[in-house]
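> Coordinates in target38.txt, compact mmCIF, N, CA and C atoms, are listed below.
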```
# COMPACT_ATOMS: atom_id res chain seq x y z
N ILE N 1 71.84 99.53 103.22
CA ILE N 1 73.20 99.68 102.70
C ILE N 1 73.60 98.37 102.05
N GLY N 2 74.18 98.49 100.88
CA GLY N 2 74.72 97.33 100.18
C GLY N 2 76.18 97.57 99.87
N ILE N 3 76.99 96.51 99.96
CA ILE N 3 78.42 96.61 99.68
C ILE N 3 78.78 95.53 98.68
N ARG N 4 79.52 95.92 97.64
CA ARG N 4 79.92 94.97 96.60
C ARG N 4 81.36 95.26 96.20
N ALA N 5 82.13 94.21 95.99
CA ALA N 5 83.51 94.36 95.52
C ALA N 5 83.67 93.62 94.19
N SER N 6 84.43 94.24 93.28
CA SER N 6 84.64 93.67 91.95
C SER N 6 86.09 93.86 91.54
N LEU N 7 86.58 92.94 90.73
CA LEU N 7 87.88 93.07 90.11
C LEU N 7 87.62 93.36 88.64
N LEU N 8 88.06 94.54 88.18
CA LEU N 8 87.84 94.98 86.80
C LEU N 8 89.18 95.16 86.12
N GLY N 9 89.66 94.13 85.50
CA GLY N 9 90.98 94.20 84.87
C GLY N 9 92.04 94.40 85.93
N ASP N 10 92.73 95.57 85.88
CA ASP N 10 93.78 95.85 86.85
C ASP N 10 93.29 96.76 87.97
N GLN N 11 91.96 96.86 88.14
CA GLN N 11 91.40 97.70 89.18
C GLN N 11 90.48 96.91 90.12
N VAL N 12 90.50 97.31 91.37
CA VAL N 12 89.56 96.80 92.36
C VAL N 12 88.56 97.91 92.62
N MET N 13 87.28 97.55 92.65
CA MET N 13 86.25 98.54 92.95
C MET N 13 85.39 98.01 94.08
N VAL N 14 85.28 98.81 95.14
CA VAL N 14 84.38 98.51 96.25
C VAL N 14 83.29 99.57 96.21
N GLU N 15 82.05 99.12 96.10
CA GLU N 15 80.92 100.04 96.03
C GLU N 15 80.09 99.94 97.29
N VAL N 16 79.70 101.09 97.81
CA VAL N 16 78.78 101.16 98.93
C VAL N 16 77.56 101.91 98.42
N ARG N 17 76.41 101.26 98.49
CA ARG N 17 75.16 101.86 98.01
C ARG N 17 74.24 102.06 99.20
N ASP N 18 73.80 103.30 99.40
CA ASP N 18 72.98 103.65 100.56
C ASP N 18 71.65 104.20 100.08
N THR N 19 70.56 103.56 100.50
CA THR N 19 69.23 104.01 100.11
C THR N 19 68.63 104.96 101.14
N GLY N 20 69.42 105.34 102.13
CA GLY N 20 68.97 106.30 103.14
C GLY N 20 69.06 107.71 102.61
N ALA N 21 69.82 108.55 103.26
CA ALA N 21 70.00 109.94 102.82
C ALA N 21 70.63 109.95 101.43
N GLN N 22 70.03 110.71 100.53
CA GLN N 22 70.48 110.72 99.15
C GLN N 22 71.03 112.08 98.74
N LEU N 23 72.04 112.03 97.90
CA LEU N 23 72.61 113.25 97.32
C LEU N 23 71.87 113.57 96.03
N ALA N 24 71.75 114.83 95.73
CA ALA N 24 71.22 115.25 94.43
C ALA N 24 72.27 114.90 93.36
N PRO N 25 71.83 114.58 92.14
CA PRO N 25 72.80 114.23 91.09
C PRO N 25 73.89 115.28 90.91
N GLY N 26 73.53 116.55 90.93
CA GLY N 26 74.53 117.61 90.77
C GLY N 26 75.52 117.65 91.91
N ALA N 27 75.05 117.40 93.13
CA ALA N 27 75.94 117.42 94.30
C ALA N 27 76.94 116.28 94.24
N ALA N 28 76.50 115.09 93.84
CA ALA N 28 77.41 113.94 93.74
C ALA N 28 78.50 114.22 92.71
N LYS N 29 78.11 114.78 91.58
CA LYS N 29 79.08 115.10 90.52
C LYS N 29 80.07 116.17 90.99
N GLN N 30 79.56 117.20 91.68
CA GLN N 30 80.43 118.27 92.18
C GLN N 30 81.42 117.75 93.22
N LEU N 31 80.97 116.87 94.11
CA LEU N 31 81.88 116.30 95.12
C LEU N 31 82.97 115.48 94.46
N THR N 32 82.60 114.65 93.48
CA THR N 32 83.59 113.83 92.78
C THR N 32 84.61 114.71 92.06
N GLU N 33 84.13 115.74 91.37
CA GLU N 33 85.05 116.65 90.67
C GLU N 33 85.96 117.38 91.65
N ALA N 34 85.41 117.82 92.78
CA ALA N 34 86.23 118.51 93.79
C ALA N 34 87.31 117.58 94.34
N LEU N 35 86.97 116.32 94.57
CA LEU N 35 87.96 115.35 95.05
C LEU N 35 89.08 115.20 94.02
N ARG N 36 88.72 115.05 92.77
CA ARG N 36 89.70 114.83 91.71
C ARG N 36 90.60 116.04 91.49
N GLN N 37 90.09 117.23 91.80
CA GLN N 37 90.87 118.46 91.63
C GLN N 37 91.63 118.84 92.89
N GLY N 38 91.47 118.04 93.96
CA GLY N 38 92.24 118.26 95.17
C GLY N 38 91.67 119.24 96.17
N GLY N 39 90.44 119.66 95.97
CA GLY N 39 89.87 120.62 96.92
C GLY N 39 88.47 120.21 97.35
N LEU N 40 88.19 120.33 98.62
CA LEU N 40 86.86 120.08 99.17
C LEU N 40 86.67 120.97 100.37
N GLU N 41 85.46 121.31 100.64
CA GLU N 41 85.15 122.12 101.82
C GLU N 41 85.44 121.32 103.08
N ASP N 42 85.61 122.03 104.20
CA ASP N 42 85.92 121.40 105.48
C ASP N 42 84.87 120.38 105.92
N GLU N 43 83.64 120.55 105.51
CA GLU N 43 82.57 119.65 105.95
C GLU N 43 82.69 118.25 105.36
N HIS N 44 83.57 118.05 104.37
CA HIS N 44 83.74 116.75 103.73
C HIS N 44 85.14 116.18 103.98
N VAL N 45 85.68 116.44 105.15
CA VAL N 45 87.05 116.03 105.45
C VAL N 45 87.22 114.51 105.39
N GLY N 46 86.19 113.74 105.76
CA GLY N 46 86.28 112.28 105.71
C GLY N 46 86.40 111.77 104.29
N LEU N 47 85.59 112.30 103.38
CA LEU N 47 85.68 111.90 101.97
C LEU N 47 87.05 112.22 101.40
N LYS N 48 87.52 113.43 101.69
CA LYS N 48 88.83 113.86 101.18
C LYS N 48 89.95 112.97 101.73
N SER N 49 89.87 112.63 103.00
CA SER N 49 90.90 111.79 103.62
C SER N 49 90.96 110.41 102.99
N VAL N 50 89.82 109.77 102.80
CA VAL N 50 89.78 108.43 102.18
C VAL N 50 90.29 108.51 100.75
N HIS N 51 89.85 109.50 100.01
CA HIS N 51 90.27 109.68 98.62
C HIS N 51 91.80 109.82 98.53
N MET N 52 92.36 110.67 99.37
CA MET N 52 93.80 110.91 99.35
C MET N 52 94.59 109.67 99.78
N ARG N 53 94.08 108.94 100.74
CA ARG N 53 94.79 107.73 101.20
C ARG N 53 94.83 106.67 100.12
N ILE N 54 93.72 106.49 99.41
CA ILE N 54 93.70 105.52 98.31
C ILE N 54 94.71 105.92 97.25
N GLN N 55 94.73 107.20 96.89
CA GLN N 55 95.67 107.65 95.87
C GLN N 55 97.12 107.55 96.34
N HIS N 56 97.36 107.75 97.64
CA HIS N 56 98.71 107.63 98.18
C HIS N 56 99.18 106.17 98.17
N LEU N 57 98.32 105.27 98.62
CA LEU N 57 98.70 103.86 98.69
C LEU N 57 98.76 103.20 97.32
N PHE N 58 97.96 103.69 96.38
CA PHE N 58 97.88 103.09 95.05
C PHE N 58 98.01 104.19 93.99
N PRO N 59 99.22 104.66 93.72
CA PRO N 59 99.43 105.76 92.77
C PRO N 59 98.76 105.47 91.42
N GLY N 60 98.16 106.50 90.85
CA GLY N 60 97.47 106.36 89.57
C GLY N 60 96.04 105.89 89.70
N SER N 61 95.58 105.68 90.93
CA SER N 61 94.23 105.20 91.14
C SER N 61 93.22 106.33 91.11
N ASP N 62 91.96 105.99 90.89
CA ASP N 62 90.90 106.99 90.79
C ASP N 62 90.44 107.52 92.14
N GLY N 63 90.64 106.77 93.20
CA GLY N 63 90.16 107.21 94.51
C GLY N 63 88.66 107.02 94.63
N LEU N 64 87.95 108.01 95.17
CA LEU N 64 86.51 107.92 95.37
C LEU N 64 85.72 108.49 94.20
N MET N 65 84.57 107.90 93.96
CA MET N 65 83.63 108.42 92.98
C MET N 65 82.23 108.34 93.60
N LEU N 66 81.50 109.44 93.58
CA LEU N 66 80.15 109.47 94.13
C LEU N 66 79.15 109.60 92.98
N GLU N 67 78.05 108.86 93.10
CA GLU N 67 76.98 108.93 92.10
C GLU N 67 75.64 108.96 92.81
N ALA N 68 74.75 109.77 92.30
CA ALA N 68 73.38 109.80 92.81
C ALA N 68 72.53 108.98 91.85
N GLU N 69 71.88 107.96 92.39
CA GLU N 69 70.97 107.14 91.60
C GLU N 69 69.54 107.54 91.94
N GLU N 70 68.59 106.97 91.26
CA GLU N 70 67.19 107.33 91.49
C GLU N 70 66.76 107.13 92.93
N ASP N 71 67.22 106.05 93.55
CA ASP N 71 66.76 105.73 94.91
C ASP N 71 67.89 105.55 95.92
N ALA N 72 69.11 105.97 95.56
CA ALA N 72 70.25 105.72 96.45
C ALA N 72 71.42 106.63 96.09
N THR N 73 72.39 106.67 97.00
CA THR N 73 73.68 107.30 96.73
C THR N 73 74.71 106.17 96.70
N ARG N 74 75.57 106.21 95.70
CA ARG N 74 76.59 105.17 95.56
C ARG N 74 77.96 105.82 95.67
N VAL N 75 78.81 105.24 96.50
CA VAL N 75 80.20 105.67 96.62
C VAL N 75 81.07 104.50 96.19
N ALA N 76 81.93 104.74 95.23
CA ALA N 76 82.82 103.69 94.76
C ALA N 76 84.26 104.07 95.12
N LEU N 77 84.98 103.11 95.67
CA LEU N 77 86.41 103.26 95.95
C LEU N 77 87.11 102.43 94.90
N ILE N 78 87.98 103.06 94.12
CA ILE N 78 88.61 102.39 92.99
C ILE N 78 90.12 102.55 93.08
N TRP N 79 90.82 101.42 92.99
CA TRP N 79 92.28 101.50 92.99
C TRP N 79 92.87 100.45 92.07
N LYS N 80 94.05 100.75 91.56
CA LYS N 80 94.75 99.85 90.66
C LYS N 80 95.51 98.80 91.45
N THR N 81 95.54 97.62 90.90
CA THR N 81 96.33 96.54 91.51
C THR N 81 97.63 96.39 90.72
N SER N 82 98.61 95.82 91.34
CA SER N 82 99.87 95.50 90.68
C SER N 82 100.59 94.48 91.55
N GLU N 83 101.60 93.88 91.00
CA GLU N 83 102.36 92.91 91.78
C GLU N 83 102.97 93.55 93.02
N SER N 84 103.44 94.80 92.90
CA SER N 84 104.06 95.43 94.06
C SER N 84 103.02 95.72 95.14
N HIS N 85 101.80 96.04 94.75
CA HIS N 85 100.74 96.28 95.74
C HIS N 85 100.21 94.99 96.33
N ALA N 86 100.24 93.93 95.56
CA ALA N 86 99.69 92.66 96.04
C ALA N 86 100.47 92.13 97.23
N HIS N 87 101.73 92.48 97.33
CA HIS N 87 102.57 91.96 98.40
C HIS N 87 102.84 92.97 99.52
N ARG N 88 102.22 94.15 99.42
CA ARG N 88 102.41 95.18 100.44
C ARG N 88 101.38 95.02 101.54
N ASP N 89 101.80 95.26 102.76
CA ASP N 89 100.89 95.22 103.89
C ASP N 89 100.33 96.61 104.12
N HIS N 90 99.02 96.80 103.93
CA HIS N 90 98.39 98.11 104.10
C HIS N 90 97.68 98.09 105.41
```
Please, can you express the file's structure as structure tokens?

Amino acid sequence: IGIRASLLGDQVMVEVRDTGAQLAPGAAKQLTEALRQGGLEDEHVGLKSVHMRIQHLFPGSDGLMLEAEEDATRVALIWKTSESHAHRDH
């Protein structure tokens, strides 16, 4: 498992890359689309919860994004920064 954090303009991105159990490319894309459309099956309640919390705490943020790479699964948590968020205690 690898973890990396980046500041991209007005966004913070935390990536978790796991070379263990891997998602198929189509499954990663379907999960990301389901998160963005507000619906996920019960078996993914943890992903949905984290996605919704990021969007609640940081309105306008992307939330979670899943990607299947050749040798790993990558989950990115992306949220927008602002002066009002910089001073909030989360």
> Of the candidates N:Gln37, N:Thr73, N:Thr32, N:Gln55, which shows the shortest atom-to-atom distance to Thr19 in chain N, using only C-alpha atoms?
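Smallest separation from Thr19 in chain N among the options: N:Thr73.
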> For Ala72 in chain N, work out the shell of residues within 9 Å, counting only C-alpha atoms and skipping chain neighbours fewer than 4 positions away, then give it as a ChimeraX atom specification.
/N:17-23,67-68
> Would you please work out which residue, of N:Asp10, N:Thr81, N:Ser61, N:Leu31, is nearest to Lys48 in chain N when using only C-alpha atoms?
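Checking each of N:Asp10, N:Thr81, N:Ser61, N:Leu31 against Lys48 in chain N, counting only C-alpha atoms, the winner is N:Leu31.
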> Measuring between only C-alpha atoms, which one of N:Met52, N:Ala76, N:Leu7, N:Leu66 shows the shortest distance to Pro25 in chain N?
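Among the listed residues, the smallest separation from Pro25 in chain N belongs to N:Leu66.
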> Among the residues of chain N, find those DSSP assigns to strand (DSSP E) from the backbone and print them as a list in words.
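The strand (DSSP E) subset of chain N is Gly2, Ile3, Arg4, Ala5, Ser6, Leu7, Leu8, Gln11, Val12, Met13, Val14, Glu15, Val16, Arg17, Asp18, Gly63, Leu64, Met65, Leu66, Glu67, Ala68, Thr73, Arg74, Val75, Ala76, Leu77, Ile78, Trp79 and Lys80 of chain N.
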